[in-house]
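Here's coords.csv, which has CSV, C-alpha atoms:
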```
chain,number,residue,atom,x,y,z
A,1,MET,CA,164.5,76.1,120.7
A,2,ASP,CA,166.5,78.1,123.4
A,3,THR,CA,165.3,81.3,124.9
A,4,ASP,CA,168.4,83.5,124.7
A,5,LEU,CA,169.7,86.5,122.7
A,6,ASP,CA,171.8,84.5,120.3
A,7,THR,CA,168.9,82.3,119.2
A,8,LEU,CA,166.7,85.3,118.8
A,9,ILE,CA,169.3,87.2,116.6
A,10,VAL,CA,169.8,84.1,114.4
A,11,ALA,CA,166.1,83.6,113.9
A,12,LEU,CA,165.6,87.3,113.2
A,13,TYR,CA,168.4,87.3,110.7
A,14,VAL,CA,166.9,84.4,108.7
A,15,GLN,CA,163.5,86.1,108.6
A,16,VAL,CA,164.6,89.6,107.6
A,17,ASP,CA,167.3,88.4,105.1
A,18,ASP,CA,164.7,86.3,103.3
A,19,LEU,CA,162.3,89.3,103.4
A,20,PHE,CA,164.8,91.7,101.9
A,21,ARG,CA,165.8,89.2,99.2
A,22,LEU,CA,162.1,88.9,98.3
A,23,LEU,CA,161.6,92.7,98.3
A,24,GLY,CA,164.7,93.2,96.2
A,25,VAL,CA,166.3,95.6,98.7
A,26,ARG,CA,169.6,96.9,97.5
A,27,GLN,CA,172.2,99.3,98.8
A,28,GLY,CA,172.8,100.8,95.4
A,29,PRO,CA,175.5,100.4,92.8
A,30,GLY,CA,179.0,99.3,93.6
A,31,ARG,CA,180.5,96.7,96.0
A,32,PRO,CA,178.1,95.1,98.5
A,33,PRO,CA,178.6,96.5,102.1
A,34,LYS,CA,180.6,94.3,104.5
A,35,LEU,CA,177.6,94.6,106.9
A,36,SER,CA,174.4,93.6,105.2
A,37,ASP,CA,171.1,95.3,105.8
A,38,SER,CA,169.9,92.1,107.6
A,39,GLU,CA,172.9,92.2,109.9
A,40,LEU,CA,172.5,95.9,110.5
A,41,LEU,CA,168.9,95.4,111.8
A,42,CYS,CA,169.9,92.4,114.0
A,43,LEU,CA,172.7,94.5,115.4
A,44,ALA,CA,170.3,97.4,116.1
A,45,VAL,CA,167.8,95.0,117.8
A,46,ALA,CA,170.6,93.5,120.0
A,47,GLN,CA,171.7,97.0,121.0
A,48,VAL,CA,168.4,98.0,122.6
A,49,LEU,CA,167.7,94.6,124.1
A,50,LEU,CA,171.1,94.8,125.9
A,51,GLY,CA,170.4,98.4,127.0
A,52,TYR,CA,173.1,100.3,125.1
A,53,ASN,CA,171.7,103.7,124.2
A,54,SER,CA,175.1,105.0,123.2
A,55,GLU,CA,176.2,103.7,119.9
A,56,ARG,CA,179.9,104.3,120.7
A,57,HIS,CA,179.7,102.2,123.9
A,58,TRP,CA,177.7,99.6,122.1
A,59,LEU,CA,180.2,99.1,119.3
A,60,ARG,CA,183.0,98.8,121.9
A,61,PHE,CA,181.1,96.0,123.7
A,62,VAL,CA,179.4,94.0,121.0
A,63,GLY,CA,182.5,92.3,119.6
A,64,ARG,CA,182.9,90.5,123.0
A,65,ARG,CA,179.3,89.5,123.3
A,66,LEU,CA,178.2,88.9,119.8
A,67,GLY,CA,181.4,88.9,117.7
A,68,HIS,CA,180.8,85.2,116.8
A,69,LEU,CA,177.6,86.3,115.0
A,70,PHE,CA,178.9,89.4,113.3
A,71,PRO,CA,182.2,88.8,111.4
A,72,TYR,CA,182.4,92.5,110.5
A,73,LEU,CA,181.5,95.5,112.8
A,74,PRO,CA,181.5,99.0,111.5
A,75,GLN,CA,182.9,102.1,113.2
A,76,GLN,CA,180.5,104.4,115.0
A,77,PRO,CA,180.1,107.0,112.2
A,78,ALA,CA,179.3,104.3,109.6
A,79,TYR,CA,176.9,102.6,111.9
A,80,ASN,CA,175.1,105.8,112.8
A,81,LYS,CA,174.8,106.8,109.1
A,82,ARG,CA,173.4,103.3,108.1
A,83,LEU,CA,171.0,103.3,111.0
A,84,ARG,CA,169.6,106.8,110.2
A,85,ALA,CA,168.8,105.6,106.6
A,86,ALA,CA,167.3,102.3,107.8
A,87,ALA,CA,163.8,103.6,108.8
A,88,PRO,CA,162.1,102.0,105.7
A,89,LEU,CA,163.9,98.7,106.4
A,90,LEU,CA,162.8,98.8,110.0
A,91,ALA,CA,159.2,99.3,109.0
A,92,HIS,CA,159.3,96.4,106.5
A,93,ALA,CA,160.8,94.1,109.2
A,94,ILE,CA,158.2,95.1,111.8
A,95,ARG,CA,155.3,94.5,109.5
A,96,HIS,CA,156.7,91.2,108.3
A,97,LEU,CA,157.2,89.8,111.9
A,98,ALA,CA,153.9,91.1,113.0
A,99,GLY,CA,152.2,89.1,110.2
A,100,LEU,CA,153.9,86.0,111.4
A,101,THR,CA,152.7,86.4,115.0
A,102,PRO,CA,149.4,84.6,116.0
A,103,SER,CA,148.1,87.7,117.8
A,104,TRP,CA,147.9,89.5,114.5
A,105,ALA,CA,144.6,87.6,113.9
A,106,ASP,CA,143.3,88.7,117.3
A,107,ARG,CA,140.1,90.9,117.1
A,108,LEU,CA,141.4,93.2,119.8
A,109,ARG,CA,143.5,96.3,119.1
A,110,LEU,CA,144.9,98.8,121.6
A,111,LEU,CA,145.2,102.5,120.8
A,112,ASP,CA,147.0,105.2,122.7
A,113,SER,CA,149.8,107.8,122.6
A,114,THR,CA,152.8,108.6,124.8
A,115,PRO,CA,155.3,111.5,125.0
A,116,VAL,CA,158.7,111.2,123.4
A,117,ALA,CA,160.8,113.9,124.9
A,118,CYS,CA,163.6,115.3,122.6
A,119,GLY,CA,165.1,117.9,124.9
A,120,ALA,CA,165.2,119.1,128.5
A,121,SER,CA,166.6,122.6,128.2
A,122,ARG,CA,165.8,125.9,126.5
A,123,GLU,CA,169.1,125.9,124.7
A,124,THR,CA,168.4,122.5,123.2
A,125,VAL,CA,165.0,123.6,122.0
A,126,LYS,CA,166.6,126.7,120.3
A,127,ARG,CA,169.4,124.8,118.6
A,128,SER,CA,167.9,121.3,117.9
A,129,ASP,CA,167.4,120.2,114.3
A,130,LEU,CA,164.0,118.9,115.4
A,131,ALA,CA,162.7,122.4,116.1
A,132,GLY,CA,159.6,123.0,114.0
A,133,TRP,CA,158.5,119.3,114.2
A,134,ALA,CA,159.0,118.8,117.9
A,135,LYS,CA,157.0,121.2,120.1
A,136,TYR,CA,155.9,121.7,123.7
A,137,GLY,CA,153.1,119.4,124.8
A,138,TYR,CA,151.4,118.3,128.0
A,139,CYS,CA,151.4,114.8,129.5
A,140,ALA,CA,148.2,114.5,131.6
A,141,ALA,CA,149.3,111.0,132.9
A,142,HIS,CA,152.4,112.5,134.6
A,143,SER,CA,151.1,116.1,135.0
A,144,ARG,CA,154.1,117.6,133.2
A,145,TYR,CA,155.0,119.6,130.1
A,146,PHE,CA,157.6,118.2,127.7
A,147,TRP,CA,159.3,119.3,124.5
A,148,GLY,CA,159.3,116.7,121.7
A,149,LEU,CA,156.7,114.6,119.9
A,150,ARG,CA,154.0,112.0,120.7
A,151,LEU,CA,154.2,108.4,119.7
A,152,HIS,CA,150.8,107.2,118.6
A,153,LEU,CA,150.5,103.4,118.6
A,154,LEU,CA,147.9,100.8,117.5
A,155,THR,CA,149.0,97.4,118.8
A,156,THR,CA,147.8,93.8,119.3
A,157,PRO,CA,147.1,92.8,122.9
A,158,ASP,CA,150.7,91.5,123.4
A,159,GLY,CA,152.3,94.6,122.1
A,160,ILE,CA,152.9,94.0,118.4
A,161,PRO,CA,152.8,97.3,116.5
A,162,VAL,CA,150.1,97.4,113.9
A,163,ILE,CA,150.4,101.2,113.0
A,164,TRP,CA,152.5,103.8,114.5
A,165,CYS,CA,153.6,107.4,113.9
A,166,LEU,CA,155.3,110.4,115.6
A,167,ALA,CA,153.2,113.5,115.6
A,168,ASP,CA,153.2,117.1,116.9
A,169,PRO,CA,152.1,116.9,120.6
A,170,LYS,CA,149.7,119.8,120.0
A,171,LEU,CA,147.6,117.7,117.7
A,172,GLY,CA,144.7,115.9,119.3
A,173,ASP,CA,144.7,112.1,119.7
A,174,ARG,CA,141.6,111.7,117.6
A,175,GLU,CA,143.0,113.8,114.8
A,176,VAL,CA,146.2,111.8,114.6
A,177,ALA,CA,144.4,108.4,115.0
A,178,GLN,CA,142.0,109.2,112.2
A,179,ALA,CA,145.0,110.1,109.9
A,180,MET,CA,146.7,106.8,110.9
A,181,LEU,CA,143.6,104.7,110.2
A,182,GLU,CA,142.6,106.4,107.0
A,183,GLY,CA,142.9,104.0,104.2
A,184,ARG,CA,143.8,101.2,106.6
A,185,PRO,CA,140.5,99.6,107.6
A,186,GLN,CA,140.4,97.3,110.6
A,187,PRO,CA,137.4,95.0,109.7
A,188,GLY,CA,135.8,93.4,112.7
A,189,MET,CA,138.3,94.8,115.2
A,190,LEU,CA,137.5,96.1,118.7
A,191,ILE,CA,139.8,99.2,119.1
A,192,VAL,CA,140.2,99.9,122.8
A,193,ALA,CA,141.2,103.5,123.6
A,194,ASP,CA,141.0,105.9,126.5
A,195,LYS,CA,138.6,108.8,127.2
A,196,GLY,CA,140.7,111.2,125.1
A,197,TYR,CA,139.3,109.5,122.0
A,198,ALA,CA,135.7,110.3,122.9
A,199,GLY,CA,133.7,112.1,120.2
A,200,ARG,CA,130.9,111.4,117.8
A,201,GLU,CA,132.8,112.2,114.6
A,202,PHE,CA,135.7,109.9,115.6
A,203,GLU,CA,133.4,107.0,116.6
A,204,ALA,CA,131.5,107.4,113.3
A,205,PHE,CA,134.9,107.3,111.4
A,206,VAL,CA,135.8,104.1,113.2
A,207,ASP,CA,132.5,102.6,112.3
A,208,GLY,CA,133.2,103.5,108.7
A,209,GLN,CA,136.4,101.5,109.0
A,210,GLN,CA,134.3,98.4,109.8
A,211,ALA,CA,135.6,98.4,113.4
A,212,THR,CA,134.2,99.2,116.8
A,213,LEU,CA,135.6,101.8,119.2
A,214,VAL,CA,135.6,100.8,122.9
A,215,ARG,CA,136.6,103.3,125.5
A,216,PRO,CA,135.9,104.1,129.2
A,217,ASP,CA,132.6,105.8,129.9
A,218,ARG,CA,132.6,109.5,130.8
A,219,ARG,CA,130.8,110.7,133.8
A,220,ASP,CA,128.3,112.7,131.7
A,221,GLU,CA,127.1,109.7,129.6
A,222,PRO,CA,125.1,106.5,130.1
A,223,ARG,CA,127.1,103.4,131.1
A,224,ARG,CA,128.3,101.3,128.1
A,225,PHE,CA,131.7,99.7,128.8
A,226,GLY,CA,132.7,100.7,132.3
A,227,SER,CA,136.2,101.8,133.2
A,228,LEU,CA,138.0,99.1,131.2
A,229,GLY,CA,140.9,99.3,133.7
A,230,GLY,CA,142.2,95.8,133.1
A,231,ILE,CA,142.4,96.1,129.4
A,232,ARG,CA,143.6,99.7,129.4
A,233,GLN,CA,146.5,98.6,131.6
A,234,ARG,CA,147.9,96.5,128.8
A,235,ILE,CA,148.7,99.5,126.6
A,236,GLU,CA,150.3,101.3,129.5
A,237,SER,CA,152.5,98.2,130.2
A,238,ILE,CA,153.5,98.2,126.5
A,239,PHE,CA,154.7,101.8,126.8
A,240,TRP,CA,156.5,100.9,130.0
A,241,THR,CA,158.4,98.1,128.1
A,242,LEU,CA,159.3,100.6,125.4
A,243,LYS,CA,160.5,103.3,127.8
A,244,GLY,CA,161.9,101.2,130.6
A,245,GLN,CA,163.5,98.1,129.1
A,246,LEU,CA,164.1,99.4,125.6
A,247,GLY,CA,165.2,102.9,126.4
A,248,LEU,CA,162.7,104.9,124.3
A,249,GLU,CA,163.1,108.0,126.6
A,250,ARG,CA,166.9,107.8,126.1
A,251,HIS,CA,166.7,107.5,122.3
A,252,GLY,CA,169.3,110.3,121.7
A,253,GLY,CA,167.8,111.2,118.3
A,254,ARG,CA,168.8,114.8,117.2
A,255,THR,CA,167.5,114.9,113.6
A,256,ASP,CA,164.2,113.7,112.0
A,257,ALA,CA,165.9,110.7,110.4
A,258,ALA,CA,167.7,109.7,113.5
A,259,LEU,CA,164.6,110.0,115.7
A,260,MET,CA,162.5,107.9,113.3
A,261,ALA,CA,165.1,105.2,113.0
A,262,ARG,CA,165.7,105.0,116.8
A,263,VAL,CA,162.0,104.8,117.6
A,264,GLY,CA,161.6,102.1,114.8
A,265,GLN,CA,164.7,100.3,116.3
A,266,ARG,CA,162.9,99.9,119.6
A,267,LEU,CA,159.6,98.9,118.1
A,268,LEU,CA,161.4,96.3,116.0
A,269,ALA,CA,163.1,95.0,119.2
A,270,LEU,CA,159.7,94.7,120.9
A,271,THR,CA,158.2,93.0,117.9
A,272,ALA,CA,161.1,90.6,117.5
A,273,GLY,CA,160.9,89.6,121.2
A,274,VAL,CA,157.2,89.0,121.1
A,275,TRP,CA,157.4,87.1,117.8
A,276,HIS,CA,160.2,84.9,119.1
A,277,ASN,CA,158.4,84.2,122.4
A,278,TRP,CA,155.4,82.9,120.3
A,279,LEU,CA,157.8,80.9,118.2
A,280,ILE,CA,159.3,79.0,121.1
A,281,GLY,CA,156.1,78.8,123.2
A,282,ALA,CA,157.3,81.1,126.0
A,283,PRO,CA,154.5,81.6,128.5
A,284,ARG,CA,154.9,85.4,128.8
A,285,LYS,CA,154.9,86.8,125.2
A,286,ARG,CA,156.1,90.3,126.0
A,287,SER,CA,158.8,89.3,128.5
A,288,LEU,CA,162.3,90.4,127.2
A,289,VAL,CA,164.2,89.3,130.3
A,290,ALA,CA,165.7,86.3,128.5
A,291,TYR,CA,167.3,88.6,125.9
A,292,ASP,CA,168.7,91.4,128.0
A,293,HIS,CA,172.0,89.7,128.9
```
Is it possible to express this structure as structure tokens?
Amino acid sequence: MDTDLDTLIVALYVQVDDLFRLLGVRQGPGRPPKLSDSELLCLAVAQVLLGYNSERHWLRFVGRRLGHLFPYLPQQPAYNKRLRAAAPLLAHAIRHLAGLTPSWADRLRLLDSTPVACGASRETVKRSDLAGWAKYGYCAAHSRYFWGLRLHLLTTPDGIPVIWCLADPKLGDREVAQAMLEGRPQPGMLIVADKGYAGREFEAFVDGQQATLVRPDRRDEPRRFGSLGGIRQRIESIFWTLKGQLGLERHGGRTDAALMARVGQRLLALTAGVWHNWLIGAPRKRSLVAYDH
């Protein structure tokens, strides 16, 4: 099987189309849309893999690059409206592809969060539809304040999202992680996190989920796991892929629905790339270079 964007999009279409048929996903009464839900998600994945953060620029370009795969391409308003409503479909597709990836059975899970900025000026903060959900937070890794949300992510070692959510940046990592894991036990898993997740109550909660929390040792406690630098670097590189190659920091979401869909769009693109690399036996499972042109 070839390692290129066309092959990935065709394989992704087959998987999600079968999934949506099985789930009985429908657009509602009336005539079926010219662009199916399966085609919409494939178009959204191709958009971020090719680095187009502007939907208007993307729809001008895609006909030349992928017109042979998409007989019908919507106008920008229709594409934007469909994508904003597609968050549940994106979540179904991510979960389905994740379950098909061999790393899903791996005992190691990576847990961390990263800022998702939603505005850079005071005027944006005052006028944004995200005000009330998005707030000011502090990013210790980059020693800067930001206005937006935090993306909390539990992944497999190669970057497949297991659980994710967007949360108020003023909420603590442990508080959000506990809410994410509540009712979703991870039996036998080793959950690797950073020092921000240190705390007896959270560790007891993870134990109750039939999992083990592994984090770097603090200076004021006996040595248990060490610095875990090599393993911790994996989650940082996953965030780098999302922000650098897939344009997470340039998401352009201005409403709750748009932000959720555009974050989900990038997580699906990452999941699809890793899944397809496993499928074709590529040596570097999280490398997306073959799909960005």
What are the nearest atom pairs, with distances in Å to one decimal, for all residues of segment 93-140 of chain A that come at most 10 Å from segment 267-289 of chain A, using all atoms listed in the file, set out by chain and rising residue number as CSV?
```
residue,atom,partner,partner_atom,distance
A:Ala93,CA,A:Leu268,CA,7.2
A:Ile94,CA,A:Leu268,CA,5.4
A:Arg95,CA,A:Thr271,CA,9.0
A:His96,CA,A:Thr271,CA,9.9
A:Leu97,CA,A:Trp275,CA,6.5
A:Ala98,CA,A:Thr271,CA,6.8
A:Gly99,CA,A:Trp275,CA,9.4
A:Leu100,CA,A:Trp275,CA,7.4
A:Thr101,CA,A:Trp275,CA,5.5
A:Pro102,CA,A:Trp278,CA,7.6
A:Ser103,CA,A:Trp278,CA,9.1
```
Polymer residues at most 12 Å from Ser38 of chain A, all atoms listed in the file, same-chain spacing of 5 or more positions, as a VMD selection string
chain A and resid 9 to 21 25 to 27 33 43 to 45 70 82 to 83 86 89 to 90 92 to 93
Selection: 8 Å around segment 161-177 of chain A, all atoms listed in the file, excl. self and same-chain fewer than 2 positions, as a PyMOL selection string:
chain A and resi 94-95+98+112-113+115+133-138+148-156+159+179-181+196-197+202+260+267+271
Under the rule that only C-alpha atoms are counted, which of A:Ala193, A:Phe205, A:Asp158, A:Ser143 is the nearest residue to Asp217 of chain A?
A:Ala193
Go ahead and compute the interatomic distance for atom CA of Leu59 of chain A and atom CA of Ala85 of chain A, in Å to one decimal.
18.3 Å
So that I can see what lies close to Gln210 of chain A, please list as an mmCIF file with C-alpha atoms, in the coordinates of the input the residues with an atom at most 10 Å from it, counting all atoms listed in the file and leaving out residues fewer than 6 positions away in the same chain.
```
data_model
loop_
_atom_site.group_PDB
_atom_site.id
_atom_site.type_symbol
_atom_site.label_atom_id
_atom_site.label_comp_id
_atom_site.auth_asym_id
_atom_site.auth_seq_id
_atom_site.Cartn_x
_atom_site.Cartn_y
_atom_site.Cartn_z
ATOM 1 C CA PRO A 185 140.500 99.600 107.600
ATOM 2 C CA GLN A 186 140.400 97.300 110.600
ATOM 3 C CA PRO A 187 137.400 95.000 109.700
ATOM 4 C CA GLY A 188 135.800 93.400 112.700
ATOM 5 C CA MET A 189 138.300 94.800 115.200
ATOM 6 C CA LEU A 190 137.500 96.100 118.700
#
```
For each of A:Arg224, A:Arg266, A:His142, A:Arg109, take the minimum atom-to-atom distance to Glu249 of chain A, counting all atoms listed in the file, then give the residue where this is smallest.
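Answer, going by the shortest atom-to-atom distance: A:Arg266.
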Using Å and a single decimal, report how far atom CA of Ala87 of chain A sits from atom CA of Ser128 of chain A.
20.3 Å
Distance criterion (all atoms listed in the file): nearest to Gly208 of chain A out of A:Arg250, A:Arg234, A:Lys81, A:Arg184
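Once distances to Gly208 of chain A are computed over all atoms listed in the file, the minimum belongs to A:Arg184.
Closest to Thr114 of chain A among A:Val192, A:Val62, A:Ala140, A:Thr255 is A:Ala140, based on all atoms listed in the file.
Distance check against Leu50 of chain A using all atoms listed in the file: of A:Gly247, A:Gly264, A:Gly253, A:Gly67, the minimum falls on A:Gly247.
If all atoms listed in the file are the atoms counted, then among A:Arg56, A:Lys195, A:Arg107, A:Arg84 the closest residue to Gln265 of chain A is A:Arg84.
Taking atom CA of Arg144 of chain A and atom CA of Cys118 of chain A as the two end points, the separation is 14.4 Å.
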Calculate, to one decimal in Å, the centre and edge lengths of the box along x, y and z of the file that holds all listed atoms of segment 111-129 of chain A with 3 Å of margin on each side, and present them as AutoDock Vina command-line options.
```
--center_x 157.3 --center_y 114.6 --center_z 121.4 --size_x 30.2 --size_y 30.2 --size_z 20.2
```
